[in-house]
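Visitor: One file is attached below, model21.txt, containing compact mmCIF, C-alpha atoms and all ligand atoms.
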```
# COMPACT_ATOMS: atom_id res chain seq x y z
CA MET D 1 -21.94 -15.78 -51.61
CA SER D 2 -24.55 -14.03 -53.72
CA THR D 3 -27.14 -12.09 -51.79
CA LEU D 4 -30.36 -10.41 -52.78
CA GLN D 5 -29.80 -7.30 -50.66
CA ARG D 6 -33.17 -8.00 -49.04
CA LEU D 7 -32.31 -5.90 -45.99
CA CYS D 8 -31.25 -2.65 -47.64
CA GLY D 9 -32.37 0.24 -45.46
CA LYS D 10 -32.81 -1.97 -42.39
CA ILE D 11 -30.92 -1.56 -39.12
CA ALA D 12 -30.09 -4.56 -36.93
CA ILE D 13 -28.62 -5.17 -33.50
CA VAL D 14 -27.04 -8.56 -32.83
CA THR D 15 -25.77 -9.23 -29.31
CA ALA D 16 -22.74 -11.42 -28.53
CA SER D 17 -21.71 -11.02 -32.15
CA THR D 18 -17.92 -10.76 -32.18
CA ASP D 19 -17.52 -14.53 -32.55
CA GLY D 20 -19.43 -17.73 -33.27
CA ILE D 21 -23.07 -17.84 -34.31
CA GLY D 22 -23.72 -14.16 -33.51
CA TYR D 23 -20.82 -13.09 -35.73
CA ALA D 24 -22.12 -15.21 -38.60
CA ILE D 25 -25.63 -13.79 -38.18
CA ALA D 26 -24.31 -10.23 -38.13
CA GLN D 27 -22.16 -10.88 -41.19
CA ARG D 28 -25.08 -12.34 -43.14
CA LEU D 29 -27.49 -9.54 -42.19
CA ALA D 30 -24.90 -7.01 -43.36
CA GLN D 31 -24.27 -8.96 -46.58
CA GLU D 32 -28.01 -8.62 -47.21
CA GLY D 33 -27.64 -4.84 -46.98
CA ALA D 34 -28.54 -4.10 -43.34
CA LYS D 35 -26.59 -1.69 -41.19
CA VAL D 36 -25.56 -3.88 -38.27
CA ILE D 37 -24.52 -3.00 -34.72
CA ILE D 38 -22.37 -5.77 -33.32
CA SER D 39 -21.33 -6.08 -29.68
CA SER D 40 -19.82 -8.18 -26.94
CA ARG D 41 -18.19 -7.74 -23.54
CA LYS D 42 -14.57 -7.19 -24.55
CA GLU D 43 -13.42 -4.05 -26.34
CA LYS D 44 -10.62 -5.94 -28.11
CA ASN D 45 -13.04 -8.50 -29.55
CA VAL D 46 -15.43 -5.76 -30.64
CA GLN D 47 -12.61 -3.90 -32.38
CA GLN D 48 -11.27 -7.00 -34.15
CA ALA D 49 -14.67 -8.20 -35.35
CA THR D 50 -15.73 -4.73 -36.50
CA ASP D 51 -12.48 -4.26 -38.43
CA LYS D 52 -12.84 -7.68 -40.06
CA LEU D 53 -16.43 -7.09 -41.18
CA CYS D 54 -15.74 -3.53 -42.35
CA LYS D 55 -12.82 -4.83 -44.45
CA GLU D 56 -15.38 -7.02 -46.24
CA GLY D 57 -17.14 -3.80 -47.23
CA LEU D 58 -20.01 -4.38 -44.79
CA ASN D 59 -21.83 -1.59 -42.99
CA VAL D 60 -21.06 -2.60 -39.42
CA ARG D 61 -20.29 -0.69 -36.25
CA GLY D 62 -19.29 -2.17 -32.91
CA LEU D 63 -19.96 -1.37 -29.27
CA VAL D 64 -19.08 -2.98 -25.97
CA CYS D 65 -22.21 -4.52 -24.44
CA HIS D 66 -22.44 -7.06 -21.65
CA VAL D 67 -26.10 -7.98 -22.02
CA SER D 68 -26.66 -8.09 -18.25
CA LYS D 69 -25.64 -4.43 -17.87
CA ALA D 70 -28.49 -1.95 -18.29
CA GLU D 71 -26.18 0.94 -19.25
CA ASP D 72 -24.52 -1.19 -21.97
CA ARG D 73 -27.88 -2.22 -23.44
CA LYS D 74 -28.98 1.44 -23.38
CA ARG D 75 -25.94 2.41 -25.47
CA LEU D 76 -26.91 -0.13 -28.14
CA PHE D 77 -30.30 1.48 -28.61
CA GLU D 78 -28.84 5.00 -28.49
CA GLU D 79 -26.46 4.00 -31.29
CA ALA D 80 -29.36 2.54 -33.29
CA SER D 81 -31.34 5.77 -32.85
CA LYS D 82 -28.33 7.78 -34.04
CA ILE D 83 -28.11 5.81 -37.29
CA GLY D 84 -31.83 5.86 -38.04
CA GLY D 85 -33.75 3.46 -35.76
CA LEU D 86 -34.10 -0.28 -35.39
CA ASP D 87 -35.80 -2.97 -37.46
CA ILE D 88 -34.21 -6.20 -36.24
CA LEU D 89 -33.08 -7.33 -32.80
CA VAL D 90 -31.20 -10.61 -32.53
CA SER D 91 -30.71 -11.61 -28.89
CA ASN D 92 -27.92 -14.17 -29.06
CA ALA D 93 -25.89 -14.02 -25.83
CA ALA D 94 -25.92 -17.04 -23.52
CA VAL D 95 -23.78 -18.61 -20.84
CA ASN D 96 -23.41 -22.05 -19.37
CA PRO D 97 -21.11 -21.84 -16.34
CA GLU D 98 -21.66 -25.42 -15.20
CA VAL D 99 -21.88 -28.80 -16.94
CA GLY D 100 -24.25 -31.27 -15.26
CA GLY D 101 -27.80 -32.41 -14.60
CA VAL D 102 -30.42 -29.79 -13.87
CA LEU D 103 -30.87 -30.67 -10.19
CA ASP D 104 -27.11 -30.57 -9.57
CA CYS D 105 -26.81 -26.96 -10.75
CA SER D 106 -25.57 -24.56 -8.07
CA GLU D 107 -27.80 -21.61 -7.18
CA SER D 108 -25.18 -19.13 -8.37
CA SER D 109 -24.89 -20.83 -11.78
CA TRP D 110 -28.69 -21.07 -12.06
CA ASP D 111 -28.97 -17.33 -11.37
CA LYS D 112 -26.28 -16.49 -13.91
CA ILE D 113 -27.81 -18.71 -16.59
CA PHE D 114 -31.26 -17.20 -16.15
CA ASP D 115 -29.89 -13.67 -15.84
CA VAL D 116 -27.96 -13.77 -19.13
CA ASN D 117 -29.97 -16.24 -21.20
CA VAL D 118 -33.52 -15.27 -20.25
CA LYS D 119 -33.75 -12.00 -18.32
CA SER D 120 -31.35 -10.11 -20.59
CA SER D 121 -33.20 -11.36 -23.67
CA TYR D 122 -36.47 -10.22 -22.14
CA LEU D 123 -35.07 -6.80 -21.22
CA LEU D 124 -33.46 -6.32 -24.64
CA ALA D 125 -36.79 -7.03 -26.33
CA LYS D 126 -38.64 -4.71 -23.97
CA GLU D 127 -36.10 -1.92 -24.41
CA ALA D 128 -36.04 -2.36 -28.21
CA LEU D 129 -39.81 -1.92 -28.48
CA PRO D 130 -40.01 1.89 -28.74
CA LEU D 131 -37.68 1.76 -31.78
CA LEU D 132 -39.21 -1.40 -33.26
CA ARG D 133 -42.65 0.23 -33.08
CA LEU D 134 -41.36 3.04 -35.31
CA SER D 135 -40.18 0.48 -37.88
CA LYS D 136 -42.78 -0.66 -40.42
CA ALA D 137 -41.95 -4.30 -39.65
CA GLY D 138 -40.01 -4.91 -36.46
CA ARG D 139 -38.36 -8.28 -35.96
CA ILE D 140 -37.22 -9.91 -32.73
CA VAL D 141 -35.20 -13.12 -32.89
CA PHE D 142 -34.13 -15.05 -29.80
CA ILE D 143 -31.34 -17.59 -30.20
CA SER D 144 -32.51 -20.63 -28.27
CA SER D 145 -31.17 -24.16 -28.73
CA ILE D 146 -32.18 -27.64 -29.74
CA GLY D 147 -31.72 -28.32 -25.98
CA GLY D 148 -34.76 -26.13 -25.37
CA PHE D 149 -36.91 -28.80 -27.06
CA GLN D 150 -35.22 -31.85 -25.62
CA PRO D 151 -32.94 -31.10 -22.66
CA PHE D 152 -29.35 -32.33 -22.67
CA ASN D 153 -28.61 -33.96 -19.31
CA LEU D 154 -25.17 -32.35 -19.18
CA LEU D 155 -26.64 -28.93 -19.95
CA GLY D 156 -29.60 -29.24 -17.60
CA ALA D 157 -30.19 -25.70 -16.37
CA TYR D 158 -29.03 -24.19 -19.67
CA SER D 159 -31.61 -26.34 -21.50
CA VAL D 160 -34.37 -25.10 -19.18
CA SER D 161 -33.33 -21.50 -19.89
CA LYS D 162 -33.59 -22.20 -23.62
CA THR D 163 -37.08 -23.71 -23.13
CA ALA D 164 -38.02 -20.51 -21.30
CA LEU D 165 -37.02 -18.56 -24.41
CA PHE D 166 -39.62 -20.50 -26.40
CA GLY D 167 -42.24 -19.39 -23.86
CA LEU D 168 -41.03 -15.80 -24.10
CA THR D 169 -41.12 -15.99 -27.90
CA LYS D 170 -44.70 -17.24 -27.97
CA ALA D 171 -45.99 -14.77 -25.38
CA ALA D 172 -44.28 -11.79 -27.01
CA ALA D 173 -45.44 -12.89 -30.49
CA VAL D 174 -49.03 -12.97 -29.24
CA GLN D 175 -48.64 -9.50 -27.74
CA LEU D 176 -46.92 -7.87 -30.73
CA GLY D 177 -48.45 -9.60 -33.77
CA SER D 178 -51.13 -6.95 -34.24
CA GLU D 179 -48.37 -4.31 -34.42
CA ASN D 180 -46.62 -6.15 -37.26
CA ILE D 181 -43.68 -6.98 -35.02
CA THR D 182 -42.77 -10.65 -35.34
CA VAL D 183 -41.02 -12.65 -32.63
CA ASN D 184 -39.22 -15.88 -33.46
CA SER D 185 -36.65 -18.25 -32.00
CA ILE D 186 -33.86 -20.08 -33.74
CA ALA D 187 -32.84 -23.37 -32.14
CA PRO D 188 -29.40 -24.37 -33.45
CA GLY D 189 -28.09 -27.89 -33.12
CA ILE D 190 -24.47 -28.36 -32.08
CA ILE D 191 -22.24 -25.89 -33.88
CA ARG D 192 -18.49 -25.98 -33.24
CA THR D 193 -17.76 -22.67 -31.50
CA LYS D 194 -15.92 -21.60 -28.35
CA PHE D 195 -19.18 -22.02 -26.46
CA SER D 196 -19.61 -25.67 -27.43
CA SER D 197 -15.91 -26.56 -27.14
CA ALA D 198 -16.35 -27.78 -23.52
CA LEU D 199 -18.61 -30.45 -24.97
CA THR D 200 -16.99 -31.17 -28.31
CA SER D 201 -13.52 -31.49 -26.74
CA ASN D 202 -14.73 -34.05 -24.17
CA GLU D 203 -15.44 -37.45 -25.67
CA ASP D 204 -18.05 -38.53 -23.08
CA ALA D 205 -19.89 -35.26 -23.31
CA GLU D 206 -19.70 -35.26 -27.09
CA ASN D 207 -21.11 -38.79 -27.23
CA GLU D 208 -24.00 -37.88 -24.97
CA ILE D 209 -24.84 -34.70 -26.86
CA PHE D 210 -24.56 -36.19 -30.34
CA VAL D 211 -26.42 -39.37 -29.40
CA LYS D 212 -29.24 -37.31 -27.84
CA SER D 213 -29.48 -34.89 -30.74
CA SER D 214 -29.34 -37.55 -33.43
CA SER D 215 -32.03 -39.63 -31.68
CA LYS D 216 -34.53 -36.79 -32.18
P1 LIG L 1 -19.50 -18.38 -28.83
O1 LIG L 1 -18.88 -18.82 -30.08
O2 LIG L 1 -18.84 -18.78 -27.58
O3 LIG L 1 -19.62 -16.79 -28.93
C1 LIG L 1 -19.60 -16.08 -27.84
C2 LIG L 1 -19.80 -14.60 -28.23
O4 LIG L 1 -20.58 -14.08 -27.21
C3 LIG L 1 -18.51 -13.82 -28.26
O5 LIG L 1 -18.66 -12.76 -29.19
C4 LIG L 1 -18.41 -13.27 -26.83
O6 LIG L 1 -17.57 -12.15 -26.83
C5 LIG L 1 -19.92 -12.97 -26.58
N1 LIG L 1 -20.42 -12.98 -25.21
C6 LIG L 1 -20.29 -13.94 -24.29
N2 LIG L 1 -20.96 -13.60 -23.16
C7 LIG L 1 -21.54 -12.40 -23.41
C8 LIG L 1 -22.36 -11.52 -22.65
N3 LIG L 1 -22.72 -11.81 -21.40
N4 LIG L 1 -22.77 -10.36 -23.23
C9 LIG L 1 -22.43 -10.07 -24.49
N5 LIG L 1 -21.64 -10.84 -25.25
C10 LIG L 1 -21.21 -12.00 -24.71
O7 LIG L 1 -21.06 -18.82 -28.69
P2 LIG L 1 -22.00 -19.53 -29.78
O8 LIG L 1 -21.74 -20.97 -29.74
O9 LIG L 1 -21.89 -18.78 -31.06
O10 LIG L 1 -23.44 -19.32 -29.13
C11 LIG L 1 -24.29 -18.27 -29.54
C12 LIG L 1 -25.72 -18.59 -29.16
O11 LIG L 1 -26.12 -19.80 -29.80
C13 LIG L 1 -25.97 -18.80 -27.67
O12 LIG L 1 -27.23 -18.30 -27.33
C14 LIG L 1 -25.98 -20.32 -27.53
O13 LIG L 1 -26.74 -20.75 -26.42
C15 LIG L 1 -26.65 -20.69 -28.83
N6 LIG L 1 -26.42 -22.06 -29.25
C16 LIG L 1 -25.14 -22.48 -29.53
C17 LIG L 1 -24.95 -23.81 -29.94
C18 LIG L 1 -23.59 -24.34 -30.29
O14 LIG L 1 -23.46 -25.56 -30.47
N7 LIG L 1 -22.56 -23.51 -30.42
C19 LIG L 1 -26.04 -24.68 -30.02
C20 LIG L 1 -27.31 -24.21 -29.71
C21 LIG L 1 -27.48 -22.89 -29.33
P3 LIG L 1 -16.91 -11.51 -25.48
O15 LIG L 1 -16.10 -12.59 -24.87
O16 LIG L 1 -16.13 -10.35 -25.99
O17 LIG L 1 -18.09 -11.10 -24.65
```
Please go through the file and, once you have read it, give me the structure as structure tokens.
Ligand code: NAP
Guide:
Amino acid sequence: MSTLQRLCGKIAIVTASTDGIGYAIAQRLAQEGAKVIISSRKEKNVQQATDKLCKEGLNVRGLVCHVSKAEDRKRLFEEASKIGGLDILVSNAAVNPEVGGVLDCSESSWDKIFDVNVKSSYLLAKEALPLLRLSKAGRIVFISSIGGFQPFNLLGAYSVSKTALFGLTKAAAVQLGSENITVNSIAPGIIRTKFSSALTSNEDAENEIFVKSSSK
């Protein structure tokens, strides 16, 4: 892939980036010249992904970070400070512990979904701000979902959490625009990853998801 090295001199954090969409985002940012801090919950995954990206000649370092843990998030920003600051935050981590309609979701799953998908994204953005303000052009990107626009019945509570990210994106963009910090969301469609395998490996679920998304 040819790249224009548009991100030379930039420093990026991508959460949940040892696999799937986060890994691909981290890889691409690094291919464009950014120094990238990747992370996820499991040391082994962090090590493997960091080794793989470094072998491609990319400027990547890895840390363990469960996005719900304040001390883990703090370490991400300390690492960014050590290597020169922060220009780009990509908040990518999400969970979906339960498949089903929104009003069937258990309270514990609801709490987990909102803790990881929404609250951690909010806290990451808030905690990134001191460093982003020192950058000439800070960037915050929340990874939402097509389900945030039009909820999937089988991913009811998850879809609501992704809609909440659109609200967070708009409110934070209004707050930070005058400081030249942009806030955006990306809303992927169905991408075959570990996360989506519960749906893509189940014919009924797959039919529902693909019918819903293609009817948009
Ligand atoms: P994935 O392939 O399952 O990737 C999961 C990654 O997240 C792994 O690196 C995993 O590593 C890490 N992770 C999981 N929980 C974490 C946590 N609490 N804290 C930090 N890292 C964590 O997932 P994906 O499909 O790429 O999804 C990425 C994002 O795209 C999510 O926000 C998802 O909602 C969104 N999205 C996905 C699709 C799709 O079809 N795949 C569609 C729309 C939106 P460890 O196990 O080591 O933590």
Visitor: May I have the residues within 10 Å of Ser135 in chain D as a ChimeraX atom specification, using only C-alpha atoms and disregarding those fewer than 4 positions away in the same chain?
Guide: /D:10-11,84-88,129-131,139,180-181
Visitor: Go through chain D and flag each residue having an atom no more than 6 Å from ligand LIG 1 (chain L); for those, report the closest pair of atoms plus their distance in Å to one decimal, using only C-alpha atoms and all ligand atoms, ordered by chain and rising number, as a Markdown table.
Guide:
```
| residue | atom | partner | partner_atom | distance |
| --- | --- | --- | --- | --- |
| D:Thr15 | CA | L:LIG1 | C9 | 5.9 |
| D:Ala16 | CA | L:LIG1 | N5 | 3.5 |
| D:Ser17 | CA | L:LIG1 | O5 | 4.6 |
| D:Thr18 | CA | L:LIG1 | O5 | 3.7 |
| D:Asp19 | CA | L:LIG1 | O5 | 4.0 |
| D:Gly20 | CA | L:LIG1 | O1 | 3.4 |
| D:Ile21 | CA | L:LIG1 | O9 | 3.6 |
| D:Gly22 | CA | L:LIG1 | O9 | 5.5 |
| D:Ser40 | CA | L:LIG1 | N5 | 3.6 |
| D:Arg41 | CA | L:LIG1 | O17 | 3.5 |
| D:Lys42 | CA | L:LIG1 | O16 | 3.8 |
| D:Asn45 | CA | L:LIG1 | O16 | 5.1 |
| D:Cys65 | CA | L:LIG1 | C9 | 5.6 |
| D:His66 | CA | L:LIG1 | N4 | 3.7 |
| D:Val67 | CA | L:LIG1 | N4 | 4.3 |
| D:Asn92 | CA | L:LIG1 | O12 | 4.5 |
| D:Ala93 | CA | L:LIG1 | O12 | 4.7 |
| D:Ala94 | CA | L:LIG1 | O12 | 4.2 |
| D:Ile143 | CA | L:LIG1 | O12 | 5.1 |
| D:Ser144 | CA | L:LIG1 | C21 | 5.6 |
| D:Ser145 | CA | L:LIG1 | C21 | 3.9 |
| D:Ile146 | CA | L:LIG1 | C20 | 6.0 |
| D:Pro188 | CA | L:LIG1 | C20 | 4.3 |
| D:Gly189 | CA | L:LIG1 | C19 | 4.9 |
| D:Ile190 | CA | L:LIG1 | O14 | 3.4 |
| D:Ile191 | CA | L:LIG1 | O14 | 3.6 |
| D:Arg192 | CA | L:LIG1 | N7 | 5.5 |
| D:Thr193 | CA | L:LIG1 | O1 | 4.3 |
| D:Lys194 | CA | L:LIG1 | O2 | 4.1 |
| D:Phe195 | CA | L:LIG1 | O2 | 3.4 |
| D:Ser196 | CA | L:LIG1 | N7 | 4.7 |
```
Visitor: Counting all atoms listed in the file, what is within 10 Å of range 26-29 of chain D, bar same-chain residues fewer than 4 positions away, as an NGL selection string?
Guide: :D and (1 or 3 or 5-8 or 10-19 or 21-22 or 33-39 or 49 or 52-54 or 56 or 58-60 or 88 or 90)
Visitor: I need the residue nearest Gly156 in chain D from this list: D:Gly100, D:Gly62, D:Gly9, D:Gly177. Use only C-alpha atoms for the distance.
Guide: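 Result for the nearest residue to Gly156 in chain D: D:Gly100.
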Visitor: What's around Pro97 in chain D at 8 Å? Count only C-alpha atoms, leave out sequence neighbours fewer than 4 positions away in its own chain, and write the answer as number ranges by chain.
Guide: D: 109, 112-113
Visitor: Using Å and a single decimal, report how far CA of Leu165 in chain D sits from CA of Val183 in chain D.
Guide: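 Value for the CA of Val183 in chain D-CA of Leu165 in chain D distance: 10.9 Å.
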Visitor: Give me, please, the distance in Å between CA of Val160 in chain D and CA of Phe114 in chain D, quoted to one decimal.
Guide: 9.0 Å
Visitor: Quick check, in Å to one decimal: how far apart do CA of Thr200 in chain D and CA of Tyr158 in chain D lie?
Guide: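 Result for CA of Thr200 in chain D versus CA of Tyr158 in chain D: 16.4 Å, one decimal.
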Visitor: For a quick check of understanding, using only C-alpha atoms, which of D:Ser68, D:Ser185, D:Ser91, D:Asn153 has the smallest distance to Asp115 in chain D?
Guide: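 Using only C-alpha atoms, Asp115 in chain D sits closest to D:Ser68.
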Visitor: Calculated over all atoms listed in the file, which of the candidates D:Ala164, D:Ala70, D:Ala80, D:Leu176 has the smallest distance to Gly147 in chain D?
Guide: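 Result for the nearest residue to Gly147 in chain D: D:Ala164.
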Visitor: Here is a test: counting all atoms listed in the file, which residue of D:Gly57, D:Val95, D:Leu199, D:Lys170 is nearest to Val118 in chain D?
Guide: D:Val95
Visitor: Using only C-alpha atoms, which of the listed residues (D:Gly167, D:Glu32, D:Cys105, D:Arg73) sits closest to Leu123 in chain D?
Guide: D:Arg73
Visitor: Would you mind exporting range 167-187 of chain D with N, CA, C and O atoms, as a compact mmCIF listing (two decimals), in the first residue's frame?
Guide:
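Saved file selection.txt follows:
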```
# COMPACT_ATOMS: atom_id res chain seq x y z
N GLY D 167 -24.07 11.18 20.32
CA GLY D 167 -24.39 12.34 21.16
C GLY D 167 -23.12 12.90 21.79
O GLY D 167 -22.89 14.12 21.80
N LEU D 168 -22.28 12.00 22.30
CA LEU D 168 -21.02 12.43 22.91
C LEU D 168 -20.14 13.14 21.87
O LEU D 168 -19.54 14.18 22.14
N THR D 169 -20.11 12.58 20.67
CA THR D 169 -19.29 13.18 19.60
C THR D 169 -19.75 14.62 19.31
O THR D 169 -18.95 15.54 19.26
N LYS D 170 -21.07 14.77 19.17
CA LYS D 170 -21.58 16.10 18.82
C LYS D 170 -21.32 17.10 19.95
O LYS D 170 -20.90 18.23 19.71
N ALA D 171 -21.60 16.68 21.19
CA ALA D 171 -21.44 17.61 22.32
C ALA D 171 -19.97 17.98 22.50
O ALA D 171 -19.64 19.15 22.73
N ALA D 172 -19.08 17.00 22.37
CA ALA D 172 -17.65 17.30 22.56
C ALA D 172 -17.13 18.14 21.40
O ALA D 172 -16.29 19.03 21.59
N ALA D 173 -17.64 17.89 20.19
CA ALA D 173 -17.20 18.68 19.02
C ALA D 173 -17.59 20.15 19.20
O ALA D 173 -16.80 21.06 18.90
N VAL D 174 -18.80 20.37 19.73
CA VAL D 174 -19.24 21.75 19.98
C VAL D 174 -18.32 22.41 21.02
O VAL D 174 -17.90 23.54 20.87
N GLN D 175 -17.98 21.65 22.05
CA GLN D 175 -17.14 22.22 23.11
C GLN D 175 -15.72 22.52 22.62
O GLN D 175 -15.13 23.53 23.01
N LEU D 176 -15.17 21.65 21.77
CA LEU D 176 -13.73 21.73 21.49
C LEU D 176 -13.39 22.37 20.15
O LEU D 176 -12.21 22.63 19.88
N GLY D 177 -14.39 22.63 19.31
CA GLY D 177 -14.13 23.16 17.97
C GLY D 177 -13.27 24.42 18.00
O GLY D 177 -12.33 24.57 17.21
N SER D 178 -13.56 25.33 18.93
CA SER D 178 -12.83 26.60 18.96
C SER D 178 -11.37 26.40 19.37
O SER D 178 -10.55 27.29 19.20
N GLU D 179 -11.04 25.21 19.89
CA GLU D 179 -9.65 24.93 20.27
C GLU D 179 -8.93 24.14 19.17
O GLU D 179 -7.84 23.61 19.39
N ASN D 180 -9.56 24.04 18.03
CA ASN D 180 -9.00 23.25 16.92
C ASN D 180 -8.79 21.78 17.27
O ASN D 180 -7.85 21.14 16.79
N ILE D 181 -9.64 21.28 18.13
CA ILE D 181 -9.66 19.83 18.40
C ILE D 181 -10.95 19.31 17.76
O ILE D 181 -12.04 19.77 18.11
N THR D 182 -10.81 18.40 16.82
CA THR D 182 -12.01 17.87 16.17
C THR D 182 -12.43 16.56 16.85
O THR D 182 -11.60 15.82 17.39
N VAL D 183 -13.73 16.31 16.83
CA VAL D 183 -14.28 15.08 17.41
C VAL D 183 -15.19 14.45 16.37
O VAL D 183 -16.11 15.10 15.87
N ASN D 184 -14.90 13.21 16.02
CA ASN D 184 -15.69 12.51 15.00
C ASN D 184 -15.99 11.09 15.44
O ASN D 184 -15.31 10.55 16.31
N SER D 185 -17.01 10.51 14.80
CA SER D 185 -17.31 9.09 15.00
C SER D 185 -17.14 8.38 13.67
O SER D 185 -17.43 8.95 12.62
N ILE D 186 -16.76 7.13 13.76
CA ILE D 186 -16.81 6.24 12.59
C ILE D 186 -17.86 5.19 12.91
O ILE D 186 -17.89 4.67 14.04
N ALA D 187 -18.72 4.90 11.95
CA ALA D 187 -19.79 3.92 12.18
C ALA D 187 -19.63 2.77 11.19
O ALA D 187 -20.26 2.77 10.12
```
